[in-house]
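Colleague: What follows is entry.txt; its format and atoms are compact mmCIF, C-alpha atoms.
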# COMPACT_ATOMS: atom_id res chain seq x y z
CA MET H 1 40.41 -1.97 -16.97
CA HIS H 2 36.65 -2.16 -16.62
CA ALA H 3 36.97 -1.55 -12.87
CA LEU H 4 39.11 1.53 -13.51
CA ARG H 5 36.55 2.91 -15.95
CA HIS H 6 33.80 2.25 -13.40
CA ILE H 7 35.74 4.05 -10.66
CA GLY H 8 36.54 6.90 -13.05
CA GLY H 9 32.88 7.21 -14.01
CA ARG H 10 31.79 7.37 -10.39
CA ALA H 11 34.49 9.95 -9.61
CA ALA H 12 33.37 12.08 -12.55
CA ALA H 13 29.74 11.78 -11.45
CA PHE H 14 30.77 13.17 -8.06
CA LEU H 15 33.34 15.76 -9.14
CA ALA H 16 31.18 17.43 -11.81
CA PRO H 17 28.31 18.47 -9.50
CA ALA H 18 30.75 19.18 -6.67
CA SER H 19 32.63 21.57 -8.95
CA VAL H 20 29.42 23.35 -9.96
CA PHE H 21 28.37 23.59 -6.30
CA ALA H 22 31.76 25.00 -5.30
CA ALA H 23 31.74 27.49 -8.17
CA ILE H 24 28.30 28.82 -7.22
CA CYS H 25 29.27 29.11 -3.56
CA LEU H 26 32.51 30.91 -4.43
CA THR H 27 30.56 33.60 -6.24
CA SER H 28 29.32 34.72 -2.82
CA LEU H 29 32.83 36.06 -2.14
CA HIS H 30 32.40 38.45 -5.04
CA SER H 31 28.68 39.20 -4.78
CA TYR H 32 26.15 37.57 -2.50
CA LEU H 33 23.38 38.73 -4.81
CA LEU H 34 25.04 36.88 -7.68
CA PHE H 35 25.34 33.74 -5.52
CA HIS H 36 21.68 33.95 -4.52
CA SER H 37 20.54 34.45 -8.10
CA LEU H 38 22.60 31.52 -9.41
CA ALA H 39 21.41 29.21 -6.60
CA GLU H 40 17.77 30.10 -7.19
CA VAL H 41 18.06 29.84 -10.99
CA PHE H 42 19.60 26.37 -10.59
CA ALA H 43 16.67 25.33 -8.39
CA ILE H 44 14.17 26.81 -10.86
CA VAL H 45 15.74 25.01 -13.82
CA VAL H 46 15.65 21.67 -11.99
CA ALA H 47 12.03 22.21 -10.91
CA VAL H 48 11.03 22.99 -14.50
CA GLY H 49 13.01 19.94 -15.64
CA VAL H 50 11.10 17.76 -13.19
CA PHE H 51 7.84 19.09 -14.59
CA MET H 52 8.87 18.63 -18.21
CA PHE H 53 9.98 15.06 -17.63
CA ALA H 54 6.90 14.16 -15.55
CA TRP H 55 4.46 15.77 -17.97
CA ASN H 56 5.90 14.39 -21.20
CA SER H 57 6.24 10.87 -19.80
CA ARG H 58 2.82 10.81 -18.11
CA ARG H 59 1.41 8.21 -20.53
CA TYR H 60 4.02 5.74 -19.36
CA HIS H 61 3.66 6.17 -15.60
CA ASP H 62 2.33 3.21 -13.62
CA ASN H 63 1.17 5.66 -10.93
CA ASP H 64 0.60 9.43 -10.76
CA TYR H 65 3.02 10.28 -7.94
CA LEU H 66 5.57 11.77 -10.32
CA LEU H 67 2.93 13.64 -12.35
CA PHE H 68 1.55 15.32 -9.23
CA ILE H 69 5.05 16.28 -8.09
CA GLY H 70 5.85 17.63 -11.55
CA ILE H 71 2.79 19.88 -11.75
CA GLY H 72 3.39 21.15 -8.23
CA TYR H 73 7.05 21.92 -8.87
CA LEU H 74 6.23 23.99 -11.94
CA PHE H 75 4.25 26.39 -9.74
CA VAL H 76 6.99 26.23 -7.09
CA ALA H 77 9.42 27.32 -9.83
CA GLY H 78 7.17 30.27 -10.67
CA LEU H 79 7.06 31.42 -7.04
CA ASP H 80 10.83 30.95 -6.70
CA LEU H 81 11.33 33.11 -9.79
CA LEU H 82 9.29 35.89 -8.19
CA HIS H 83 11.29 35.41 -4.98
CA THR H 84 14.56 35.77 -6.94
CA LEU H 85 13.39 38.90 -8.74
CA SER H 86 12.15 40.50 -5.53
CA TYR H 87 15.32 39.84 -3.52
CA ASP H 88 16.83 42.86 -1.85
CA GLY H 89 19.23 44.49 -4.28
CA MET H 90 17.70 43.17 -7.51
CA GLY H 91 15.82 46.45 -8.08
CA VAL H 92 12.73 44.86 -9.65
CA PHE H 93 10.53 45.73 -6.64
CA PRO H 94 12.72 48.44 -5.02
CA ALA H 95 10.22 49.72 -2.48
CA GLN H 96 9.45 46.36 -0.89
CA GLY H 97 12.68 45.59 0.99
CA SER H 98 13.38 42.04 2.21
CA ASN H 99 9.83 41.27 3.39
CA LEU H 100 8.44 40.63 -0.10
CA ALA H 101 11.17 38.16 -1.02
CA THR H 102 10.73 36.37 2.31
CA GLN H 103 6.95 36.14 1.86
CA LEU H 104 7.38 34.70 -1.63
CA TRP H 105 9.95 32.26 -0.27
CA LEU H 106 7.44 30.98 2.27
CA ALA H 107 4.71 30.79 -0.38
CA ALA H 108 6.96 28.61 -2.55
CA ARG H 109 7.97 26.37 0.34
CA TYR H 110 4.37 25.86 1.50
CA THR H 111 3.40 24.90 -2.05
CA GLN H 112 6.36 22.51 -2.24
CA ALA H 113 5.45 20.95 1.10
CA LEU H 114 1.85 20.44 -0.05
CA ALA H 115 3.02 18.73 -3.25
CA LEU H 116 5.32 16.36 -1.36
CA LEU H 117 2.78 15.52 1.36
CA ALA H 118 -0.11 14.88 -1.04
CA ALA H 119 1.86 13.04 -3.75
CA PRO H 120 1.75 9.58 -2.02
CA LEU H 121 -2.04 9.65 -2.39
CA PHE H 122 -1.55 9.17 -6.12
CA LEU H 123 0.53 6.03 -5.80
CA ARG H 124 -2.71 4.05 -5.71
CA ARG H 125 -5.29 6.38 -7.23
CA PRO H 126 -5.37 8.18 -10.58
CA LEU H 127 -4.84 11.92 -10.92
CA ARG H 128 -6.89 13.97 -13.33
CA PRO H 129 -4.25 16.40 -14.65
CA ALA H 130 -6.83 19.18 -15.10
CA LEU H 131 -7.58 19.04 -11.37
CA GLY H 132 -3.87 19.17 -10.59
CA TRP H 133 -3.45 22.26 -12.73
CA LEU H 134 -6.57 23.85 -11.23
CA GLY H 135 -5.55 23.09 -7.65
CA PHE H 136 -1.97 24.32 -7.81
CA GLY H 137 -2.91 27.22 -10.08
CA SER H 138 -5.62 28.41 -7.70
CA LEU H 139 -3.30 28.08 -4.71
CA THR H 140 -0.53 30.02 -6.45
CA LEU H 141 -2.84 32.81 -7.58
CA ALA H 142 -4.30 33.03 -4.07
CA LEU H 143 -0.81 33.34 -2.53
CA ILE H 144 0.29 35.96 -5.07
CA GLY H 145 -2.95 37.87 -4.52
CA ALA H 146 -2.51 37.72 -0.75
CA ILE H 147 1.02 39.15 -1.09
CA PHE H 148 0.72 41.69 -3.92
CA VAL H 149 -2.97 42.63 -4.13
CA TRP H 150 -4.77 42.24 -0.84
CA GLU H 151 -1.59 42.44 1.30
CA ILE H 152 -3.01 40.02 3.85
CA PHE H 153 -0.09 37.60 3.85
CA PRO H 154 1.58 37.85 7.30
CA THR H 155 4.74 39.91 7.59
CA ALA H 156 7.81 37.68 7.44
CA TYR H 157 10.68 40.15 7.82
CA VAL H 158 10.97 43.54 9.52
CA GLU H 159 13.80 45.82 8.45
CA GLY H 160 16.24 46.43 11.27
CA GLN H 161 14.72 43.66 13.43
CA GLY H 162 14.93 40.51 11.32
CA LEU H 163 12.60 37.54 11.04
CA THR H 164 9.10 37.62 12.49
CA THR H 165 7.64 34.87 14.64
CA PHE H 166 5.45 33.87 11.71
CA LYS H 167 8.52 33.33 9.52
CA VAL H 168 10.35 31.24 12.12
CA VAL H 169 7.30 29.09 12.96
CA SER H 170 6.59 28.63 9.26
CA GLU H 171 10.13 27.41 8.59
CA TYR H 172 9.86 24.85 11.40
CA ALA H 173 6.45 23.76 10.11
CA ILE H 174 7.84 23.34 6.58
CA SER H 175 10.83 21.43 7.95
CA ALA H 176 8.45 19.12 9.84
CA ALA H 177 6.41 18.65 6.65
CA MET H 178 9.58 17.52 4.84
CA LEU H 179 10.25 14.96 7.55
CA VAL H 180 6.65 13.71 7.35
CA ALA H 181 7.07 13.43 3.57
CA THR H 182 10.21 11.38 4.23
CA LEU H 183 8.21 9.09 6.52
CA LEU H 184 5.50 8.67 3.86
CA LEU H 185 8.21 7.85 1.34
CA TYR H 186 9.51 5.13 3.66
CA ILE H 187 6.02 3.72 4.26
CA ASN H 188 5.51 3.47 0.49
CA ARG H 189 9.08 2.36 -0.19
CA ARG H 190 7.99 -0.69 -2.22
CA ALA H 191 6.65 1.64 -4.90
CA PHE H 192 10.11 3.13 -5.53
CA ASP H 193 13.41 1.90 -6.85
CA LYS H 194 15.90 1.76 -3.98
CA GLN H 195 18.30 4.32 -5.49
CA VAL H 196 15.46 6.71 -6.38
CA ARG H 197 14.04 6.37 -2.87
CA ASN H 198 17.43 7.08 -1.26
CA LEU H 199 17.98 10.16 -3.41
CA LEU H 200 14.50 11.51 -2.68
CA THR H 201 15.05 10.88 1.02
CA ALA H 202 18.35 12.75 0.90
CA SER H 203 16.66 15.65 -0.88
CA LEU H 204 13.85 15.86 1.67
CA VAL H 205 16.14 15.65 4.71
CA THR H 206 18.53 18.25 3.27
CA THR H 207 15.58 20.52 2.53
CA ALA H 208 14.46 20.18 6.16
CA LEU H 209 17.94 21.20 7.33
CA SER H 210 17.89 24.11 4.89
CA GLU H 211 14.62 25.38 6.35
CA ILE H 212 16.06 25.24 9.86
CA ALA H 213 19.04 27.29 8.70
CA PHE H 214 16.62 29.91 7.39
CA THR H 215 15.29 30.45 10.93
CA LEU H 216 18.68 31.73 12.10
CA TYR H 217 19.60 34.65 9.88
CA VAL H 218 19.04 38.29 10.74
CA GLY H 219 20.03 40.00 7.51
CA ALA H 220 19.30 38.82 3.98
CA TYR H 221 23.05 38.60 3.29
CA ASP H 222 24.41 36.89 6.43
CA VAL H 223 26.07 33.48 6.92
CA ALA H 224 22.95 31.57 8.01
CA ASN H 225 21.20 32.67 4.83
CA LEU H 226 24.20 31.51 2.81
CA ALA H 227 24.16 28.13 4.60
CA GLY H 228 20.45 27.75 3.92
CA HIS H 229 20.87 28.36 0.20
CA ALA H 230 23.90 26.03 0.05
CA LEU H 231 21.82 23.25 1.61
CA LYS H 232 19.03 24.01 -0.82
CA LEU H 233 21.51 23.57 -3.69
CA ILE H 234 22.43 20.12 -2.36
CA ALA H 235 18.77 19.18 -1.94
CA VAL H 236 17.99 20.29 -5.49
CA PHE H 237 20.93 18.26 -6.81
CA PHE H 238 19.56 15.14 -5.09
CA LEU H 239 16.15 15.86 -6.61
CA TYR H 240 17.72 16.22 -10.05
CA ARG H 241 19.53 12.88 -9.64
CA ALA H 242 16.38 11.15 -8.39
CA ILE H 243 13.99 12.23 -11.14
CA VAL H 244 15.58 13.91 -14.14
CA GLN H 245 18.82 11.92 -14.42
CA THR H 246 17.32 8.60 -13.35
CA GLY H 247 14.35 9.11 -15.65
CA LEU H 248 16.65 9.65 -18.63
CA VAL H 249 19.30 7.03 -17.85
CA ARG H 250 17.25 4.31 -16.10
CA PRO H 251 13.59 4.98 -16.96
CA TYR H 252 12.47 1.53 -15.78
CA SER H 253 13.60 2.45 -12.26
CA LEU H 254 11.34 5.50 -12.21
CA LEU H 255 8.50 5.26 -14.72
CA PHE H 256 7.76 1.55 -14.71
CA ARG H 257 8.65 0.52 -11.16
CA ASN H 258 5.42 -1.41 -10.56
CA LEU H 259 5.54 -2.96 -14.01
CA LYS H 260 9.07 -4.11 -13.33
CA ARG H 261 8.00 -5.67 -10.03
CA VAL H 262 5.13 -7.48 -11.75
CA GLU H 263 7.53 -8.79 -14.38
CA GLU H 264 9.92 -9.97 -11.66
CA ARG H 265 7.09 -11.74 -9.84
CA TYR H 266 5.95 -13.33 -13.08
CA ARG H 267 9.52 -14.46 -13.79
CA ASP H 268 9.80 -15.94 -10.28
CA LEU H 269 6.49 -17.76 -10.79
CA PHE H 270 7.55 -18.84 -14.28
CA GLU H 271 10.80 -20.32 -13.02
CA ASP H 272 9.94 -21.60 -9.54
CA ALA H 273 6.38 -22.93 -9.84
CA PRO H 274 5.98 -26.76 -9.84
CA VAL H 275 4.47 -26.49 -13.32
CA MET H 276 6.12 -26.79 -16.73
CA TYR H 277 5.65 -23.37 -18.35
CA VAL H 278 6.08 -22.68 -22.06
CA THR H 279 5.43 -19.48 -24.01
CA LEU H 280 4.41 -19.88 -27.63
CA ASP H 281 4.26 -17.88 -30.82
CA PRO H 282 1.05 -19.14 -32.51
CA GLN H 283 2.32 -18.42 -36.00
CA PRO H 284 0.62 -20.08 -38.98
CA GLY H 285 1.61 -23.71 -39.22
CA GLU H 286 2.52 -24.83 -35.72
CA PRO H 287 2.94 -23.01 -32.39
CA ILE H 288 6.66 -22.26 -31.86
CA ILE H 289 8.27 -22.27 -28.40
CA THR H 290 9.69 -18.84 -27.51
CA ASP H 291 10.56 -19.54 -23.86
CA CYS H 292 10.25 -22.24 -21.21
CA ASN H 293 11.09 -22.66 -17.55
CA ASP H 294 13.73 -24.93 -16.04
CA LEU H 295 11.21 -27.57 -14.94
CA PHE H 296 10.16 -28.16 -18.56
CA LEU H 297 13.80 -28.67 -19.54
CA GLU H 298 14.56 -30.91 -16.54
CA THR H 299 11.47 -33.06 -17.08
CA LEU H 300 12.15 -33.67 -20.77
CA GLY H 301 15.95 -33.75 -20.43
CA TYR H 302 16.80 -31.02 -22.95
CA GLU H 303 19.08 -27.99 -22.97
CA ARG H 304 17.43 -24.62 -23.52
CA GLN H 305 19.01 -24.05 -26.92
CA ALA H 306 17.57 -27.35 -28.11
CA VAL H 307 14.02 -26.25 -27.26
CA ILE H 308 13.65 -22.55 -28.09
CA GLY H 309 12.48 -21.97 -31.65
CA ARG H 310 11.14 -25.47 -32.19
CA PRO H 311 7.47 -26.43 -32.71
CA LEU H 312 5.72 -27.61 -29.58
CA ALA H 313 4.54 -30.66 -31.51
CA ASP H 314 8.14 -31.91 -31.67
CA PHE H 315 7.85 -32.80 -27.99
CA TYR H 316 4.50 -34.59 -28.28
CA THR H 317 3.95 -38.32 -28.73
CA GLU H 318 2.59 -39.43 -32.07
CA GLU H 319 -0.95 -39.56 -30.68
CA SER H 320 -0.85 -36.02 -29.27
CA ARG H 321 0.88 -34.75 -32.41
CA GLU H 322 -1.89 -36.16 -34.57
CA GLN H 323 -4.47 -34.41 -32.39
CA MET H 324 -2.71 -31.09 -32.98
CA VAL H 325 -2.26 -31.67 -36.72
CA ASN H 326 -5.94 -32.55 -37.10
CA ALA H 327 -6.93 -29.44 -35.14
CA LEU H 328 -4.64 -27.27 -37.26
CA GLY H 329 -6.22 -28.68 -40.38
CA GLN H 330 -9.67 -27.57 -39.18
CA ALA H 331 -8.84 -24.18 -37.64
CA HIS H 332 -5.62 -22.74 -36.37
CA ALA H 333 -7.07 -21.41 -33.13
CA SER H 334 -8.67 -24.73 -32.24
CA ALA H 335 -5.21 -26.29 -32.04
CA LEU H 336 -4.53 -24.21 -28.98
CA THR H 337 -6.90 -26.00 -26.65
CA SER H 338 -6.42 -27.35 -23.16
CA GLY H 339 -6.61 -31.00 -22.21
CA GLU H 340 -4.47 -34.06 -21.60
CA ARG H 341 -1.27 -34.36 -23.62
CA GLN H 342 1.59 -36.81 -23.85
CA LEU H 343 5.11 -35.44 -24.02
CA THR H 344 8.24 -37.39 -24.86
CA THR H 345 11.55 -37.02 -23.08
CA ARG H 346 14.91 -37.02 -24.78
CA THR H 347 15.29 -40.71 -23.94
CA GLY H 348 11.86 -41.58 -25.36
CA GLU H 349 9.92 -41.91 -22.11
CA VAL H 350 6.32 -40.71 -22.10
CA VAL H 351 5.26 -37.92 -19.75
CA HIS H 352 1.52 -37.57 -19.20
CA ALA H 353 0.49 -33.96 -18.59
CA LEU H 354 -2.58 -31.78 -18.30
CA LEU H 355 -2.31 -28.73 -20.55
CA GLN H 356 -3.83 -25.37 -19.65
CA LEU H 357 -3.48 -22.55 -22.18
CA SER H 358 -4.03 -18.83 -21.80
CA THR H 359 -3.81 -16.13 -24.47
CA GLN H 360 -3.17 -12.41 -24.29
CA ASP H 361 -3.37 -9.76 -27.00
CA THR H 362 -0.24 -7.64 -27.44
CA PRO H 363 -0.17 -3.91 -28.32
CA GLU H 364 1.25 -4.90 -31.72
CA GLY H 365 -1.90 -6.84 -32.54
CA SER H 366 -0.41 -10.31 -32.14
CA VAL H 367 -1.28 -12.95 -29.55
CA ASP H 368 0.95 -14.34 -26.80
CA VAL H 369 0.14 -17.89 -25.70
CA ARG H 370 1.24 -19.35 -22.38
CA ALA H 371 1.06 -23.10 -21.87
CA ALA H 372 1.17 -24.73 -18.45
CA PHE H 373 1.80 -28.50 -18.29
CA VAL H 374 1.05 -30.30 -15.02
CA ASN H 375 2.88 -33.61 -14.84
CA ILE H 376 0.34 -36.33 -13.99
CA SER H 377 2.53 -39.31 -14.87
CA ASP H 378 2.62 -40.51 -11.26
CA ARG H 379 -1.16 -40.29 -11.07
CA ILE H 380 -1.52 -42.18 -14.36
CA ARG H 381 0.85 -44.90 -13.14
CA ALA H 382 -1.01 -45.15 -9.85
CA GLU H 383 -4.35 -45.39 -11.66
CA ARG H 384 -3.00 -48.05 -13.96
CA ALA H 385 -1.57 -49.99 -11.03
CA GLU H 386 -4.92 -49.75 -9.31
CA GLN H 387 -6.69 -50.94 -12.45
CA GLU H 388 -4.27 -53.85 -12.79
CA GLU H 389 -4.80 -54.75 -9.16
CA HIS H 390 -8.56 -54.57 -9.68
CA ARG H 391 -8.39 -56.78 -12.78
CA PHE H 392 -6.16 -59.24 -10.94
CA SER H 393 -8.62 -59.32 -8.05
CA GLU H 394 -11.52 -59.96 -10.42
CA ALA H 395 -9.57 -62.69 -12.20
CA LEU H 396 -8.68 -64.31 -8.89
CA THR H 397 -12.32 -64.23 -7.87
CA ASP H 398 -13.33 -65.87 -11.13
CA VAL H 399 -10.73 -68.63 -10.72
CA THR H 400 -11.78 -69.23 -7.16
CA SER H 401 -15.41 -69.45 -8.22
CA ILE H 402 -14.52 -71.94 -10.94
CA LEU H 403 -12.49 -74.03 -8.52
CA ASN H 404 -15.31 -73.97 -6.02
CA SER H 405 -17.75 -75.05 -8.70
CA THR H 406 -15.42 -77.88 -9.73
CA LEU H 407 -15.14 -79.09 -6.19
CA ASP H 408 -18.89 -79.17 -5.85
CA VAL H 409 -19.22 -81.34 -9.02
CA ASP H 410 -16.64 -83.86 -7.76
CA THR H 411 -18.44 -84.15 -4.48
CA VAL H 412 -21.71 -84.88 -6.25
CA LEU H 413 -20.06 -87.52 -8.49
CA ASP H 414 -18.46 -89.20 -5.49
CA GLN H 415 -21.81 -89.36 -3.78
CA ILE H 416 -23.42 -90.90 -6.91
CA LEU H 417 -20.69 -93.52 -7.29
CA ALA H 418 -20.93 -94.46 -3.64
CA HIS H 419 -24.67 -94.93 -4.00
CA VAL H 420 -24.16 -97.19 -7.09
CA ASP H 421 -21.64 -99.38 -5.24
CA ARG H 422 -24.17 -100.11 -2.63
Kindly transcribe the structure held in the file into structure tokens.
Modeller:
Amino acid sequence: MHALRHIGGRAAAFLAPASVFAAICLTSLHSYLLFHSLAEVFAIVVAVGVFMFAWNSRRYHDNDYLLFIGIGYLFVAGLDLLHTLSYDGMGVFPAQGSNLATQLWLAARYTQALALLAAPLFLRRPLRPALGWLGFGSLTLALIGAIFVWEIFPTAYVEGQGLTTFKVVSEYAISAAMLVATLLLYINRRAFDKQVRNLLTASLVTTALSEIAFTLYVGAYDVANLAGHALKLIAVFFLYRAIVQTGLVRPYSLLFRNLKRVEERYRDLFEDAPVMYVTLDPQPGEPIITDCNDLFLETLGYERQAVIGRPLADFYTEESREQMVNALGQAHASALTSGERQLTTRTGEVVHALLQLSTQDTPEGSVDVRAAFVNISDRIRAERAEQEEHRFSEALTDVTSILNSTLDVDTVLDQILAHVDR
């Protein structure tokens, strides 16, 4: 039953976007302008969604890759909106023809390419949001000024002739930039959740294919243009899945990727290190065990449920327990000190260990304590054996000396008696 629900969920996750994609594409049979508007609006909404998620979650990011992408995509959305409004047939800029929409398209794609190429820089260095706003804002204003005000942006489309060389070369350059961004994503793959990385890669590669399709059309309404926008829809869907959906459903895979890796490394160290690890809640009274690794359980012979929630002193010998009780009577914090301790196993055997404690303040104002016990029982036994051997050697020397002294006395007496007999 669970498997059927899982399969049904995956089918629904595929069929829902596929249905939306098919519905948008089918509108082209009625009106290509309607299809273009819906495709661009979908892309704009997703771009704004990426920004909203990235901006409002910025305090929780463990790097600024997503924040930089989010700011950049907001300005890409603005340029795409102008592109949509200026498209031939919309009537917003009636005297401009197809060249204006094509120029704005290139302006948006260059801005997008810049955001994707520069974003990996902020995987390891912080981003000052004000500089991000200033940089993308200045670039966007400069592009709009070059197109609308100064009219120095190169011509991208000539009525009756089609695409200019500048437009075609630009599309190939943008496509190459997407592939370079894909390579940078692979190089920095450890910084991303596998599913997020795969979705971003799919978005970038599909975008590159879309740009190539946009080098082939002659008219603003022909098949190559339709194919390019269809591929853009797919790329935008992958982007939505990678950032917006993943960020809402599995935030730890997107926002806290590095933190999650650190926690996994800590857990591996906690469980696999040849040290008995215990985490403690230093509440008033006695420190209580909140977690421990398998080596602690194996050494003392306990099950986990018999350890968690109990005072650490329960596993000390009477001598070590008295040391802790005396320290608690003087000052609570002084009880949490490092040094040699004696633990008792479930069968009553004594385990000699060196204790090393570390503390860390939590955001809630409490203190986490981590105790590391290094088993030195073998060393203690070896030292004791060596001491016993040394004492035995000294005793043997003393006995030998006494015997030697005794033999010397007998020899002297024999000599005296022999002299008397004469």
Colleague: Using atom CA of Asp368 of chain H and atom CA of Leu123 of chain H as the two end points, give the distance in Å to one decimal.
Modeller: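 That distance, rounded to one decimal, is 29.3 Å.
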Colleague: Between H:Ala118, H:Leu233, H:Leu226, H:Leu280, which has the minimum distance to Val180 of chain H (counting only C-alpha atoms)?
Modeller: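 Going through H:Ala118, H:Leu233, H:Leu226, H:Leu280 one by one, the smallest distance to Val180 of chain H is for H:Ala118.
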Colleague: Please tabulate, as a Markdown table, the residues of segment 154-204 of chain H that come within 12 Å of segment 65-79 of chain H, each with its closest pair of atoms and the distance in Å to one decimal, counting only C-alpha atoms and ordering rows by chain, then residue number upward.
Modeller:
| residue | atom | partner | partner_atom | distance |
| --- | --- | --- | --- | --- |
| H:Leu185 | CA | H:Tyr65 | CA | 10.9 |
| H:Asn188 | CA | H:Tyr65 | CA | 11.1 |
| H:Ala191 | CA | H:Tyr65 | CA | 9.9 |
| H:Phe192 | CA | H:Tyr65 | CA | 10.4 |
| H:Val196 | CA | H:Leu66 | CA | 11.8 |
| H:Leu200 | CA | H:Leu66 | CA | 11.8 |
Colleague: In Å to one decimal, how far is atom CA of Arg346 of chain H from atom CA of Ile288 of chain H?
Modeller: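 Result for atom CA of Ile288 of chain H versus atom CA of Arg346 of chain H: 18.3 Å, one decimal.
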Colleague: Calculate how many Å separate atom CA of Phe122 of chain H from atom CA of Phe42 of chain H, rounding to one decimal.
Modeller: 27.6 Å
Colleague: Within 10 Å of segment 26-39 of chain H, counting all atoms listed in the file, which residues qualify if same-chain residues fewer than 2 places away don't, as a PyMOL selection string?
Modeller: chain H and resi 20-24+41-44+81+83-85+87-90+220-222+225-226+229-230+232-233+236
Colleague: Quick one: everything within 9 Å of Ala202 of chain H, counting all atoms listed in the file, minus sequence neighbours fewer than 5 positions away in the same chain. Send it as a PDB file with C-alpha atoms, in the coordinates of the input.
Modeller:
ATOM      1  CA  THR H 182      10.210  11.380   4.230  1.00  0.00           C
ATOM      2  CA  ARG H 197      14.040   6.370  -2.870  1.00  0.00           C
ATOM      3  CA  THR H 207      15.580  20.520   2.530  1.00  0.00           C
ATOM      4  CA  ALA H 235      18.770  19.180  -1.940  1.00  0.00           C
ATOM      5  CA  PHE H 238      19.560  15.140  -5.090  1.00  0.00           C
ATOM      6  CA  LEU H 239      16.150  15.860  -6.610  1.00  0.00           C
TER       7      LEU H 239
END
Colleague: Write out as a PDB file with C-alpha atoms, in the coordinates of the input the residues lying within 7 Å of segment 300-309 of chain H, counting all atoms listed in the file and excluding same-chain residues fewer than 2 positions away.
Modeller:
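Result file follows (result-v1.pdb):
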ATOM      1  CA  ILE H 288       6.660 -22.260 -31.860  1.00  0.00           C
ATOM      2  CA  ILE H 289       8.270 -22.270 -28.400  1.00  0.00           C
ATOM      3  CA  THR H 290       9.690 -18.840 -27.510  1.00  0.00           C
ATOM      4  CA  ASP H 291      10.560 -19.540 -23.860  1.00  0.00           C
ATOM      5  CA  PHE H 296      10.160 -28.160 -18.560  1.00  0.00           C
ATOM      6  CA  LEU H 297      13.800 -28.670 -19.540  1.00  0.00           C
ATOM      7  CA  GLU H 298      14.560 -30.910 -16.540  1.00  0.00           C
ATOM      8  CA  PRO H 311       7.470 -26.430 -32.710  1.00  0.00           C
ATOM      9  CA  THR H 344       8.240 -37.390 -24.860  1.00  0.00           C
ATOM     10  CA  THR H 345      11.550 -37.020 -23.080  1.00  0.00           C
ATOM     11  CA  ARG H 346      14.910 -37.020 -24.780  1.00  0.00           C
TER      12      ARG H 346
END
Colleague: Nearest to Pro282 of chain H: which of H:Tyr172, H:Ser358, H:Asn56, H:Val244 is it, counting all atoms listed in the file?
Modeller: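 The shortest atom-to-atom distance to Pro282 of chain H comes from H:Ser358.
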Colleague: Which of these, H:Arg379, H:Arg241, H:Arg125, H:Arg59, has the shortest distance to Val46 of chain H once you count all atoms listed in the file?
Modeller: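 So, comparing all the options, the nearest one is H:Arg241.
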Colleague: I'd like the neighbourhood of Leu141 of chain H as number ranges by chain, where a residue qualifies if any of its atoms comes within 12 Å (using all atoms listed in the file), though same-chain residues fewer than 3 positions away should be ignored.
Modeller: H: 75-76, 78-79, 104, 107-108, 111, 133-138, 144-150
Colleague: Find, counting all atoms listed in the file, the residue in H:Ala213, H:Leu184, H:Leu355, H:Val205 that gets nearest to Ile234 of chain H.
Modeller: H:Val205
Colleague: For Thr347 of chain H, which of H:Arg190, H:Ser19, H:Ala47, H:Phe315 is the closest residue, counting only C-alpha atoms?
Modeller: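 Comparing H:Arg190, H:Ser19, H:Ala47, H:Phe315 against Thr347 of chain H, the winner is H:Phe315.
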Colleague: Tell me, as a list in words, which residues lie within 10 Å of Gly339 of chain H, counting all atoms listed in the file; anything in the same chain fewer than 3 positions away does not count.
Modeller: Leu336, Ala353, Leu354, Leu355, Gln356, Leu357 and Phe373 of chain H
Colleague: Give as a VMD selection string each residue that has an atom at most 6 Å from (11.2, 13.6, -14.7) in the file, counting only C-alpha atoms.
Modeller: chain H and resid 50 53 to 54 243 to 244 247
